[in-house]
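K.L.:
So here's data15.csv (CSV, C-alpha atoms and all ligand atoms).
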chain,number,residue,atom,x,y,z
A,31,MET,CA,2.2,19.0,-13.6
A,32,ASN,CA,3.8,17.8,-10.3
A,33,SER,CA,6.8,20.0,-11.0
A,34,LYS,CA,7.2,20.6,-7.3
A,35,CYS,CA,7.4,18.4,-4.2
A,36,ASN,CA,4.2,17.7,-2.4
A,37,VAL,CA,6.0,17.7,1.0
A,38,CYS,CA,8.3,20.7,0.9
A,39,GLY,CA,7.2,22.6,-2.2
A,40,GLU,CA,10.7,22.7,-3.8
A,41,PRO,CA,10.7,22.4,-7.6
A,42,PHE,CA,11.9,19.2,-9.1
A,43,ARG,CA,14.7,18.8,-11.7
A,44,ALA,CA,14.8,15.8,-14.1
A,45,PRO,CA,12.8,12.6,-13.3
A,46,ILE,CA,14.8,9.7,-12.0
A,47,TYR,CA,12.6,7.1,-13.7
A,48,GLN,CA,10.3,7.0,-16.7
A,49,SER,CA,8.3,3.8,-17.6
A,50,PRO,CA,9.6,2.3,-20.9
A,51,ASP,CA,6.2,2.4,-22.6
A,52,GLU,CA,3.0,4.5,-22.6
A,53,LEU,CA,1.3,2.2,-20.1
A,54,SER,CA,1.2,2.4,-16.3
A,55,ILE,CA,0.1,-0.2,-13.8
A,56,THR,CA,-2.2,0.5,-10.9
A,57,THR,CA,-2.6,-1.1,-7.5
A,58,MET,CA,-5.7,-2.8,-8.8
A,59,ASN,CA,-3.5,-4.5,-11.4
A,60,LYS,CA,-5.0,-2.6,-14.3
A,61,LEU,CA,-2.9,-1.2,-17.1
A,62,VAL,CA,-3.8,2.5,-17.8
A,63,PRO,CA,-2.6,4.7,-20.6
A,64,GLY,CA,0.2,7.2,-19.7
A,65,LYS,CA,3.8,7.1,-18.7
A,66,THR,CA,4.9,6.7,-15.1
A,67,LEU,CA,7.3,9.5,-14.1
A,68,LEU,CA,9.1,9.7,-10.8
A,69,TYR,CA,11.0,12.5,-9.2
A,70,PHE,CA,13.3,12.6,-6.1
A,71,CYS,CA,13.3,15.7,-3.9
A,72,GLU,CA,16.8,16.8,-3.0
A,73,THR,CA,15.5,18.9,-0.2
A,74,CYS,CA,13.4,16.5,1.8
A,75,SER,CA,14.0,13.1,0.2
A,76,HIS,CA,10.4,12.7,-0.9
A,77,LEU,CA,9.9,10.4,-3.9
A,78,GLN,CA,7.0,11.4,-6.1
A,79,THR,CA,5.1,10.0,-9.0
A,80,SER,CA,3.5,12.5,-11.4
A,81,GLU,CA,-0.3,12.1,-11.6
A,82,LEU,CA,-1.8,10.5,-14.6
A,83,PRO,CA,-4.3,12.7,-16.3
A,84,ASN,CA,-7.0,10.0,-16.3
A,85,LEU,CA,-6.5,9.0,-12.7
A,86,LYS,CA,-9.8,10.6,-11.6
A,87,GLU,CA,-11.7,8.2,-13.9
A,88,TYR,CA,-9.7,5.4,-12.5
A,89,TYR,CA,-10.8,6.2,-8.9
A,90,ALA,CA,-14.4,6.5,-9.9
A,91,PHE,CA,-14.6,3.2,-11.7
A,92,GLU,CA,-11.9,0.8,-10.5
A,93,TYR,CA,-12.3,1.5,-6.8
A,94,GLU,CA,-15.9,0.3,-7.0
A,95,ILE,CA,-14.5,-3.3,-7.5
A,96,ASN,CA,-13.2,-3.3,-4.0
A,97,LEU,CA,-16.7,-2.9,-2.6
A,98,ALA,CA,-17.4,-6.5,-3.5
A,99,SER,CA,-14.9,-7.9,-1.1
A,100,GLU,CA,-14.3,-7.4,2.6
A,101,ASP,CA,-11.0,-5.7,3.4
A,102,ASP,CA,-10.7,-8.1,6.3
A,103,ASP,CA,-9.9,-10.7,3.7
A,104,GLN,CA,-6.5,-9.3,2.7
A,105,ILE,CA,-3.7,-11.4,3.9
A,106,TYR,CA,-1.0,-9.7,5.9
A,107,ASP,CA,1.3,-12.7,6.4
A,108,VAL,CA,1.3,-16.4,6.5
A,109,ILE,CA,2.7,-17.6,9.9
A,110,ASN,CA,3.3,-21.4,10.4
A,111,GLY,CA,1.0,-22.0,7.4
A,112,GLU,CA,-1.8,-19.9,8.9
A,113,PRO,CA,-3.0,-16.6,7.3
A,114,VAL,CA,-2.9,-13.5,9.4
A,115,PHE,CA,-5.3,-10.9,8.1
A,116,ARG,CA,-4.3,-7.3,7.6
A,117,ALA,CA,-7.1,-5.7,9.7
A,118,ASP,CA,-6.3,-8.0,12.7
A,119,HIS,CA,-2.6,-7.1,12.5
A,120,GLN,CA,-3.3,-3.4,12.1
A,121,ALA,CA,-5.7,-3.4,15.1
A,122,ALA,CA,-3.1,-5.3,17.2
A,123,THR,CA,-0.4,-2.8,16.4
A,124,LEU,CA,-2.6,0.2,17.0
A,125,SER,CA,-3.6,-1.1,20.5
A,126,GLU,CA,0.0,-1.6,21.4
A,127,LYS,CA,1.1,1.9,20.2
A,128,VAL,CA,-1.8,4.2,21.3
A,129,GLU,CA,-3.1,4.6,24.7
A,130,LEU,CA,-6.9,4.0,24.6
A,131,PHE,CA,-9.2,4.9,27.5
A,132,PRO,CA,-13.0,4.8,28.3
A,133,GLY,CA,-14.8,7.3,26.0
A,134,CYS,CA,-11.6,7.8,23.8
A,135,LYS,CA,-12.8,9.2,20.5
A,136,VAL,CA,-11.1,7.4,17.7
A,137,LEU,CA,-11.9,8.7,14.2
A,138,ASP,CA,-11.1,6.7,11.1
A,139,TYR,CA,-10.7,9.5,8.5
A,140,GLY,CA,-11.5,8.4,4.9
A,141,CYS,CA,-12.4,5.0,6.4
A,142,ALA,CA,-14.1,3.1,3.6
A,143,LYS,CA,-15.3,-0.1,5.3
A,144,ALA,CA,-13.2,0.7,8.4
A,145,PRO,CA,-12.1,-2.9,9.0
A,146,THR,CA,-9.3,-2.0,11.4
A,147,LEU,CA,-11.4,0.3,13.6
A,148,LYS,CA,-14.1,-2.4,13.6
A,149,LYS,CA,-11.5,-5.0,14.9
A,150,LEU,CA,-10.3,-2.4,17.4
A,151,SER,CA,-13.8,-1.8,18.7
A,152,GLN,CA,-14.2,-5.6,19.2
A,153,ARG,CA,-11.0,-5.6,21.4
A,154,HIS,CA,-11.8,-2.3,23.2
A,155,ALA,CA,-15.5,-1.9,23.9
A,156,GLU,CA,-14.7,1.3,25.9
A,157,ILE,CA,-13.7,3.5,22.9
A,158,LYS,CA,-16.0,5.7,20.9
A,159,PRO,CA,-15.6,5.0,17.2
A,160,LEU,CA,-16.2,7.9,14.7
A,161,LEU,CA,-16.3,7.1,11.0
A,162,PHE,CA,-15.9,9.5,8.1
A,163,ASP,CA,-15.8,9.0,4.3
A,164,VAL,CA,-16.7,11.2,1.4
A,165,THR,CA,-19.3,8.7,0.2
A,166,ASP,CA,-22.2,7.0,1.8
A,167,LYS,CA,-21.8,3.6,0.1
A,168,TYR,CA,-20.0,2.1,3.1
A,169,VAL,CA,-22.8,2.7,5.5
A,170,PRO,CA,-24.1,-0.9,5.4
A,171,PHE,CA,-20.6,-2.0,6.6
A,172,TRP,CA,-20.6,0.6,9.4
A,173,GLU,CA,-23.9,-0.6,10.7
A,174,ARG,CA,-22.3,-3.9,11.6
A,175,PHE,CA,-19.9,-2.3,14.1
A,176,PRO,CA,-20.3,-3.7,17.7
A,177,ASN,CA,-20.3,-0.5,19.7
A,178,LYS,CA,-22.6,2.0,18.0
A,179,PRO,CA,-20.3,4.2,16.0
A,180,GLU,CA,-21.1,7.8,15.0
A,181,TRP,CA,-20.6,8.5,11.3
A,182,ALA,CA,-20.6,11.3,8.8
A,183,THR,CA,-20.4,11.3,5.0
A,184,HIS,CA,-19.3,14.0,2.5
A,185,GLU,CA,-18.1,16.3,5.3
A,186,PRO,CA,-17.0,15.5,8.8
A,187,ASN,CA,-19.6,16.3,11.5
A,188,PRO,CA,-18.8,20.0,12.5
A,189,GLU,CA,-19.4,19.0,16.2
A,190,TRP,CA,-16.4,16.7,16.0
A,191,ALA,CA,-14.0,19.7,15.6
A,192,GLY,CA,-11.4,19.9,18.3
A,193,THR,CA,-12.7,16.8,20.1
A,194,VAL,CA,-11.0,13.8,18.5
A,195,ASP,CA,-8.4,12.0,20.7
A,196,VAL,CA,-7.0,9.7,18.0
A,197,ALA,CA,-7.3,10.3,14.2
A,198,LEU,CA,-6.5,7.3,12.0
A,199,SER,CA,-5.7,7.1,8.3
A,200,PHE,CA,-4.7,3.8,6.6
A,201,TYR,CA,-3.1,3.9,3.2
A,202,ALA,CA,-4.6,7.2,2.1
A,203,LEU,CA,-1.8,9.9,2.2
A,204,GLU,CA,0.1,8.1,-0.6
A,205,HIS,CA,-2.8,9.1,-3.0
A,206,VAL,CA,-3.1,12.7,-1.9
A,207,ALA,CA,-1.5,15.6,-3.9
A,208,ASP,CA,-2.5,18.3,-1.5
A,209,LEU,CA,-0.9,17.0,1.7
A,210,LYS,CA,-1.1,20.4,3.4
A,211,GLU,CA,-4.9,20.5,3.0
A,212,ALA,CA,-5.2,16.8,4.2
A,213,LEU,CA,-3.2,17.6,7.4
A,214,GLU,CA,-5.2,20.7,8.0
A,215,ASN,CA,-8.4,18.7,7.9
A,216,ILE,CA,-7.0,16.3,10.5
A,217,ILE,CA,-5.7,19.1,12.7
A,218,GLU,CA,-9.1,20.8,12.7
A,219,LEU,CA,-10.7,17.6,14.2
A,220,LEU,CA,-8.0,16.7,16.7
A,221,LYS,CA,-8.0,17.9,20.3
A,222,PRO,CA,-4.9,19.8,21.4
A,223,GLY,CA,-2.4,17.0,22.3
A,224,GLY,CA,-4.4,14.5,20.2
A,225,THR,CA,-2.7,11.8,18.2
A,226,PHE,CA,-2.5,11.3,14.5
A,227,TYR,CA,-1.8,7.7,13.6
A,228,PHE,CA,-1.4,6.6,10.1
A,229,ILE,CA,0.1,3.9,7.8
A,230,VAL,CA,1.6,4.6,4.4
A,231,PRO,CA,3.6,2.2,2.1
A,232,ASN,CA,7.4,1.9,2.5
A,233,VAL,CA,8.7,1.8,-1.0
A,234,TYR,CA,12.2,1.0,0.3
A,235,GLU,CA,10.9,-2.3,1.5
A,236,ASN,CA,8.4,-3.1,-1.3
A,237,THR,CA,9.7,-1.8,-4.6
A,238,ALA,CA,6.3,-2.5,-6.3
A,239,ASP,CA,5.2,0.8,-4.7
A,240,PHE,CA,7.7,2.6,-7.0
A,241,ILE,CA,5.8,1.8,-10.2
A,242,VAL,CA,2.2,1.9,-9.1
A,243,ALA,CA,0.7,4.8,-10.9
A,244,ASP,CA,-2.0,5.7,-8.3
A,245,HIS,CA,0.5,6.1,-5.5
A,246,ILE,CA,1.9,9.6,-6.0
A,247,ASN,CA,3.7,10.0,-2.7
A,248,HIS,CA,6.4,7.6,-1.6
A,249,PHE,CA,7.5,8.8,1.8
A,250,SER,CA,10.8,8.3,3.6
A,251,PRO,CA,11.1,8.7,7.4
A,252,VAL,CA,12.9,12.0,6.6
A,253,SER,CA,10.1,13.4,4.4
A,254,LEU,CA,7.4,12.2,7.0
A,255,ARG,CA,9.2,14.0,9.8
A,256,PHE,CA,9.6,17.1,7.6
A,257,MET,CA,5.9,17.1,6.7
A,258,LEU,CA,4.6,16.5,10.3
A,259,SER,CA,6.9,18.9,12.1
A,260,ASN,CA,6.1,21.7,9.7
A,261,ALA,CA,2.4,21.1,10.2
A,262,GLY,CA,2.7,21.5,14.0
A,263,PHE,CA,3.1,17.9,15.2
A,264,SER,CA,5.7,16.8,17.8
A,265,GLU,CA,6.7,13.4,19.4
A,266,ILE,CA,6.9,12.1,15.8
A,267,ASP,CA,7.4,8.3,15.7
A,268,VAL,CA,8.1,6.7,12.4
A,269,ASP,CA,8.2,2.9,12.8
A,270,ALA,CA,9.5,0.9,9.8
A,271,THR,CA,9.3,-2.5,11.5
A,272,ALA,CA,5.8,-2.8,13.0
A,273,HIS,CA,4.2,-3.6,9.7
A,274,HIS,CA,5.8,-5.2,6.6
A,275,SER,CA,6.6,-2.8,3.8
A,276,ALA,CA,4.9,0.2,5.6
A,277,PHE,CA,5.6,3.1,7.9
A,278,VAL,CA,3.5,3.2,11.0
A,279,VAL,CA,3.5,6.8,12.0
A,280,LYS,CA,2.3,8.4,15.2
A,281,ALA,CA,2.5,12.1,16.1
A,282,ARG,CA,1.1,14.4,18.7
A,283,LEU,CA,-0.7,17.7,17.8
A,284,ASP,CA,1.3,20.3,19.7
A,285,SER,CA,0.2,23.9,19.2
A,286,SER,CA,3.5,25.1,20.6
A,287,ALA,CA,5.6,23.1,18.2
A,288,GLY,CA,7.5,25.3,15.7
A,289,HIS,CA,6.4,25.4,12.1
A,290,GLU,CA,10.0,25.8,11.1
A,291,LYS,CA,11.4,24.2,8.0
A,292,GLN,CA,14.1,21.8,9.0
A,293,ALA,CA,17.1,21.1,6.9
A,294,THR,CA,17.6,17.4,6.1
A,295,PRO,CA,21.0,16.0,6.9
A,296,ARG,CA,23.0,15.4,3.7
A,297,GLY,CA,24.0,11.9,4.7
A,298,GLU,CA,20.3,10.7,5.2
A,299,LEU,CA,19.3,12.4,1.9
A,300,ALA,CA,22.1,10.7,0.0
A,301,GLU,CA,21.1,7.3,1.4
A,302,TYR,CA,17.5,7.6,0.2
A,303,GLN,CA,18.6,9.1,-3.1
A,304,SER,CA,20.9,6.2,-3.9
A,305,ALA,CA,18.1,3.7,-2.8
A,306,ALA,CA,15.6,5.5,-5.1
A,307,GLN,CA,18.2,5.4,-8.0
A,308,SER,CA,18.7,1.6,-7.5
A,309,MET,CA,14.9,1.1,-7.8
A,310,ALA,CA,14.8,3.1,-10.9
A,311,ASN,CA,17.6,0.9,-12.4
A,312,TYR,CA,15.8,-2.2,-11.3
A,313,TRP,CA,12.5,-1.3,-13.0
A,314,THR,CA,14.3,-0.2,-16.1
A,315,HIS,CA,15.9,-3.7,-16.5
A,316,VAL,CA,13.3,-6.1,-15.1
A,317,ARG,CA,11.3,-6.5,-18.3
A,318,SER,CA,14.3,-7.8,-20.3
A,319,ARG,CA,15.1,-10.2,-17.4
A,320,ILE,CA,11.6,-11.6,-17.6
A,321,LYS,CA,11.9,-11.9,-21.4
A,322,GLU,CA,15.2,-13.8,-21.1
A,323,PHE,CA,13.6,-16.3,-18.7
A,324,GLU,CA,10.6,-16.7,-21.0
A,325,ASN,CA,12.9,-17.5,-23.9
A,326,SER,CA,14.4,-20.4,-21.9
A,327,ILE,CA,11.0,-22.1,-21.5
A,328,GLY,CA,10.9,-25.0,-24.0
A,329,ALA,CA,7.9,-26.1,-26.1
A,330,ASP,CA,7.3,-29.1,-23.8
A,331,ASP,CA,7.7,-27.1,-20.6
A,332,VAL,CA,4.7,-25.9,-18.5
A,333,PRO,CA,5.1,-22.6,-16.7
A,334,ALA,CA,3.0,-21.2,-13.8
A,335,ILE,CA,3.1,-17.8,-12.0
A,336,TYR,CA,3.4,-17.8,-8.2
A,337,GLY,CA,1.5,-14.9,-6.7
A,338,ALA,CA,-1.8,-13.5,-7.9
A,339,GLY,CA,-1.2,-10.0,-6.5
A,340,PHE,CA,0.6,-7.0,-7.9
A,341,TYR,CA,3.9,-8.7,-8.7
A,342,GLY,CA,2.3,-11.7,-10.3
A,343,ASN,CA,0.1,-9.5,-12.5
A,344,PHE,CA,3.1,-7.4,-13.4
A,345,VAL,CA,4.9,-10.6,-14.6
A,346,ALA,CA,1.7,-11.7,-16.5
A,347,SER,CA,1.4,-8.3,-18.2
A,348,THR,CA,5.1,-8.4,-19.3
A,349,LEU,CA,5.1,-11.9,-20.9
A,350,GLN,CA,5.1,-12.2,-24.6
A,351,ASP,CA,3.0,-15.3,-24.5
A,352,PHE,CA,0.8,-15.3,-21.4
A,353,GLU,CA,-1.4,-18.1,-22.8
A,354,GLN,CA,1.3,-20.7,-22.1
A,355,ILE,CA,0.8,-20.1,-18.4
A,356,GLN,CA,-1.1,-23.0,-16.9
A,357,CYS,CA,-2.2,-21.4,-13.6
A,358,PHE,CA,-1.5,-18.9,-10.8
A,359,VAL,CA,-0.4,-20.2,-7.4
A,360,ASP,CA,-1.3,-18.3,-4.3
A,361,GLN,CA,-1.4,-19.0,-0.5
A,362,ASN,CA,-4.5,-16.8,0.0
A,363,PRO,CA,-7.4,-19.2,0.8
A,364,HIS,CA,-9.9,-16.6,-0.5
A,365,LEU,CA,-8.3,-16.8,-4.0
A,366,GLU,CA,-8.5,-20.5,-4.2
A,367,ASP,CA,-10.6,-21.7,-7.2
A,368,THR,CA,-11.0,-18.1,-8.5
A,369,GLU,CA,-9.6,-17.0,-11.8
A,370,VAL,CA,-7.0,-14.3,-12.5
A,371,ARG,CA,-6.7,-13.1,-16.2
A,372,GLY,CA,-8.7,-16.2,-17.2
A,373,LYS,CA,-6.3,-18.7,-15.4
A,374,ARG,CA,-7.3,-20.6,-12.3
A,375,VAL,CA,-5.6,-19.9,-8.9
A,376,VAL,CA,-4.4,-23.0,-7.0
A,377,LYS,CA,-2.8,-23.5,-3.6
A,378,PRO,CA,0.9,-24.4,-3.6
A,379,ILE,CA,0.1,-27.9,-2.5
A,380,ASP,CA,-2.1,-28.3,-5.6
A,381,LEU,CA,0.5,-27.3,-8.2
A,382,PRO,CA,-0.1,-29.6,-11.1
A,383,GLN,CA,2.5,-32.3,-11.6
A,384,ASP,CA,3.4,-31.3,-15.2
A,385,VAL,CA,4.5,-27.7,-14.2
A,386,THR,CA,8.2,-27.3,-14.9
A,387,HIS,CA,8.8,-23.5,-14.6
A,388,VAL,CA,7.6,-21.1,-11.9
A,389,LEU,CA,7.8,-17.3,-12.4
A,390,VAL,CA,7.8,-16.0,-8.8
A,391,GLY,CA,5.6,-12.8,-8.6
A,392,LEU,CA,6.5,-11.8,-5.1
A,393,ASN,CA,8.3,-8.9,-3.4
A,394,PRO,CA,12.0,-9.6,-4.4
A,395,LYS,CA,13.1,-8.9,-0.8
A,396,THR,CA,11.2,-11.9,0.6
A,397,ALA,CA,10.4,-14.1,-2.4
A,398,GLN,CA,13.2,-16.7,-2.0
A,399,LYS,CA,12.3,-17.2,1.7
A,400,SER,CA,8.6,-17.6,0.9
A,401,ILE,CA,9.3,-20.2,-1.8
A,402,ALA,CA,11.8,-22.1,0.4
A,403,ALA,CA,9.0,-22.4,3.0
A,404,ILE,CA,6.8,-24.5,0.7
A,405,GLY,CA,7.7,-27.9,2.1
A,406,ASN,CA,6.0,-30.1,-0.5
A,407,TRP,CA,7.9,-28.4,-3.5
A,408,HIS,CA,11.3,-29.5,-2.1
A,409,GLY,CA,11.5,-32.8,-4.0
A,410,ARG,CA,10.4,-31.2,-7.3
A,411,GLN,CA,12.6,-30.2,-10.2
A,412,LEU,CA,11.3,-26.7,-10.8
A,413,SER,CA,13.0,-23.9,-12.6
A,414,TYR,CA,12.4,-20.6,-10.8
A,415,PHE,CA,12.5,-17.0,-12.0
A,416,TYR,CA,12.8,-14.4,-9.3
A,417,LEU,CA,11.9,-10.7,-9.9
A,501,ZN,ZN,10.6,17.8,-0.9
Now, as a test, write the supplied structure out as structure tokens.

P.N.:
Amino acid sequence: MNSKCNVCGEPFRAPIYQSPDELSITTMNKLVPGKTLLYFCETCSHLQTSELPNLKEYYAFEYEINLASEDDDQIYDVINGEPVFRADHQAATLSEKVELFPGCKVLDYGCAKAPTLKKLSQRHAEIKPLLFDVTDKYVPFWERFPNKPEWATHEPNPEWAGTVDVALSFYALEHVADLKEALENIIELLKPGGTFYFIVPNVYENTADFIVADHINHFSPVSLRFMLSNAGFSEIDVDATAHHSAFVVKARLDSSAGHEKQATPRGELAEYQSAAQSMANYWTHVRSRIKEFENSIGADDVPAIYGAGFYGNFVASTLQDFEQIQCFVDQNPHLEDTEVRGKRVVKPIDLPQDVTHVLVGLNPKTAQKSIAAIGNWHGRQLSYFYL
């Protein structure tokens, strides 16, 4: 399975990473049976995780959990102590990058609750929102849109074909094995000259993406351009800075664009190959680093985990003695007074006085900065572990 590249079709050689045990971790912080295997494509620089055999069951059951919460609640960043929510940031970026006009048909393809298009509709009453998802369970959310959206479930409305000005896709293509089919579905709906706008994770900025079992595609700017130009898109813009740890991608459907296979420059390929290899080494050794820190925690010490998201859960699942953890600490106000793995989640300001050790479960690229920004921890004698 997955013996060839989802982007360029070339066969893979040996994997660059294999998880050390028979367990893989998902974006929903669940451990699932099966080894995580990653391959790097030496033709287009795509990084690919082999699909776990039981992933279908995982989608059917685990993704239901998300229905309980509003996607609007996910925190994108904390700026001057104030949370900025993901959907707000995505809507703001989209309105800067894409020209919208009265009657502009904006389709969210595979939209789930469509929080970003809802925010966009609040800012731009003049657009015409179209919603599509394979299931009808999100209809109650769509009914709360301000400007009367049109929607379709199971299959896109055939009347939409060739009429869509802007097709949106947020965090979907990383899950899709048949990228060719996914792009063909989008192309069928777009007007000639229409815009495909999407966001996918940037593993090179957020290394957690490397080991999550349900993300099978880890794109690079090179593999994104390769994929889009071969599908008939032009004016391809891959922005690695507009959104933390993600690529914001915009491309124009151009029927005259060549469907030619482009060779990737060796230098760029080597750069991503070496970055992918470094991540493989990192994840191979991180468990022993956590163990070493855990061994330094004395019988009278009190440890806590900072971060109740993916990284914090990864630390928790790696500990030999999780029970000694007193609490999780997280900035997200929606997590306050909830429990994760049976431990309560507190705000940084409420860190109990007896806590001596903090295992920081945050993106290693930004963790030190985030911890340094917590003003009222400055006078405390805390021992930190950074991933
Ligand atoms: Zn490839």

K.L.:
Give as a ChimeraX atom specification the residues surrounding ligand ZN 501 (chain A) up to a distance of 12 Å, considering all atoms listed in the file.

P.N.:
/A:32-43,69-78,209,247-250,252-257,291-294,299

K.L.:
Quote the spacing between CA of Pro251 (chain A) and CA of Glu129 (chain A) in Å to one decimal place.

P.N.:
22.8 Å

K.L.:
Could the residues of region 295-357 of chain A that have an atom at most 8 Å from region 387-405 of chain A be listed as a tab-separated table, each with its closest atom pair and the distance in Å to one decimal, counting only C-alpha atoms and ordered by chain and ascending residue number?

P.N.:
residue	atom	partner	partner_atom	distance
A:Ile327	CA	A:His387	CA	7.4
A:Asp331	CA	A:His387	CA	7.1
A:Val332	CA	A:His387	CA	6.1
A:Pro333	CA	A:His387	CA	4.3
A:Ala334	CA	A:Val388	CA	5.0
A:Ile335	CA	A:Leu389	CA	4.7
A:Tyr336	CA	A:Val390	CA	4.8
A:Gly337	CA	A:Gly391	CA	5.0
A:Ala338	CA	A:Gly391	CA	7.5
A:Gly339	CA	A:Gly391	CA	7.6
A:Phe340	CA	A:Gly391	CA	7.7
A:Tyr341	CA	A:Gly391	CA	4.4
A:Gly342	CA	A:Gly391	CA	3.9
A:Asn343	CA	A:Gly391	CA	7.5
A:Phe344	CA	A:Gly391	CA	7.6
A:Val345	CA	A:Gly391	CA	6.4

K.L.:
With only C-alpha atoms as the basis for distance, which of A:Asp244, A:Asp330, A:Asp380, A:Asp118 is at the shortest distance from Val359 (chain A)?

P.N.:
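Of A:Asp244, A:Asp330, A:Asp380, A:Asp118, the one nearest Val359 (chain A), counting only C-alpha atoms, is A:Asp380.
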
K.L.:
List the spatial neighbours of region 302-314 of chain A as a PDB file with C-alpha atoms, in the coordinates of the input - criterion: any atom at most 7 Å away, all atoms listed in the file, same-chain residues fewer than 2 positions off excluded.

P.N.:
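In the end it all went to around-v4.pdb:
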ATOM      1  CA  ILE A  46      14.800   9.700 -12.000  1.00  0.00           C
ATOM      2  CA  TYR A  47      12.600   7.100 -13.700  1.00  0.00           C
ATOM      3  CA  SER A  75      14.000  13.100   0.200  1.00  0.00           C
ATOM      4  CA  THR A 237       9.700  -1.800  -4.600  1.00  0.00           C
ATOM      5  CA  GLU A 298      20.300  10.700   5.200  1.00  0.00           C
ATOM      6  CA  LEU A 299      19.300  12.400   1.900  1.00  0.00           C
ATOM      7  CA  ALA A 300      22.100  10.700   0.000  1.00  0.00           C
ATOM      8  CA  VAL A 316      13.300  -6.100 -15.100  1.00  0.00           C
TER       9      VAL A 316
END

K.L.:
Could you tell me how far CA of Pro83 (chain A) lies from CA of Pro63 (chain A), in Å and to one decimal?

P.N.:
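Between these atoms lies a distance of 9.2 Å.
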
K.L.:
Do you have the CA of Ala281 (chain A)-CA of Tyr227 (chain A) distance handy?

P.N.:
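Between CA of Ala281 (chain A) and CA of Tyr227 (chain A) the gap is 6.6 Å.
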
K.L.:
Near Ile229 (chain A), within 8 Å and counting all atoms listed in the file, which residues show up once chain neighbours fewer than 5 positions away are dropped, as JSON, numbers by chain?

P.N.:
{"A": [199, 200, 201, 276, 277, 278, 279]}

K.L.:
How would the residues just picked look written out with C-alpha atoms as an mmCIF file, in the frame of the given file?

P.N.:
data_model
loop_
_atom_site.group_PDB
_atom_site.id
_atom_site.type_symbol
_atom_site.label_atom_id
_atom_site.label_comp_id
_atom_site.auth_asym_id
_atom_site.auth_seq_id
_atom_site.Cartn_x
_atom_site.Cartn_y
_atom_site.Cartn_z
ATOM 1 C CA SER A 199 -5.700 7.100 8.300
ATOM 2 C CA PHE A 200 -4.700 3.800 6.600
ATOM 3 C CA TYR A 201 -3.100 3.900 3.200
ATOM 4 C CA ALA A 276 4.900 0.200 5.600
ATOM 5 C CA PHE A 277 5.600 3.100 7.900
ATOM 6 C CA VAL A 278 3.500 3.200 11.000
ATOM 7 C CA VAL A 279 3.500 6.800 12.000
#

K.L.:
Using all atoms listed in the file, find the one residue out of A:Leu258, A:Val385, A:Ala122, A:Ala329 that sits nearest to Lys210 (chain A).

P.N.:
A:Leu258

K.L.:
Let me make sure I understand: among A:Phe415, A:Phe171, A:Tyr234, A:Trp407, which one has the smallest atom-to-atom distance to Lys321 (chain A) if we use all atoms listed in the file?

P.N.:
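Among the listed residues, the smallest separation from Lys321 (chain A) belongs to A:Phe415.
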
K.L.:
Pick the closest to Pro145 (chain A) from A:Val242, A:Asn59, A:Pro159, A:Asn232: which is it, counting all atoms listed in the file?

P.N.:
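Answer, going by the shortest atom-to-atom distance: A:Pro159.
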
K.L.:
Of the residues A:Ile246, A:Glu189, A:Asp284, A:Gln361, which is the one nearest to Ser80 (chain A), using only C-alpha atoms?

P.N.:
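Using only C-alpha atoms, the shortest distance to Ser80 (chain A) belongs to A:Ile246.
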
K.L.:
As a list in words, please: the residues near Val370 (chain A) (cut-off 9 Å, all atoms listed in the file, same-chain neighbours under 3 positions excluded).

P.N.:
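Contacts, in chain order: Ala338, Asn343, Cys357, Phe358, Leu365, Lys373, Arg374 and Val375 of chain A.
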
K.L.:
Just want the 12 Å neighbourhood of region 151-154 of chain A, counted on only C-alpha atoms, with same-chain residues fewer than 3 positions away dropped. Output as a PyMOL selection string.

P.N.:
chain A and resi 117-118+121-122+124-126+129-138+144-148+157-160+172+174-179

K.L.:
I want to know what sits within 6 Å of region 213-221 of chain A, based on only C-alpha atoms, with residues of the same chain fewer than 6 positions away left out; could you give that as a PyMOL selection string?

P.N.:
chain A and resi 191-195
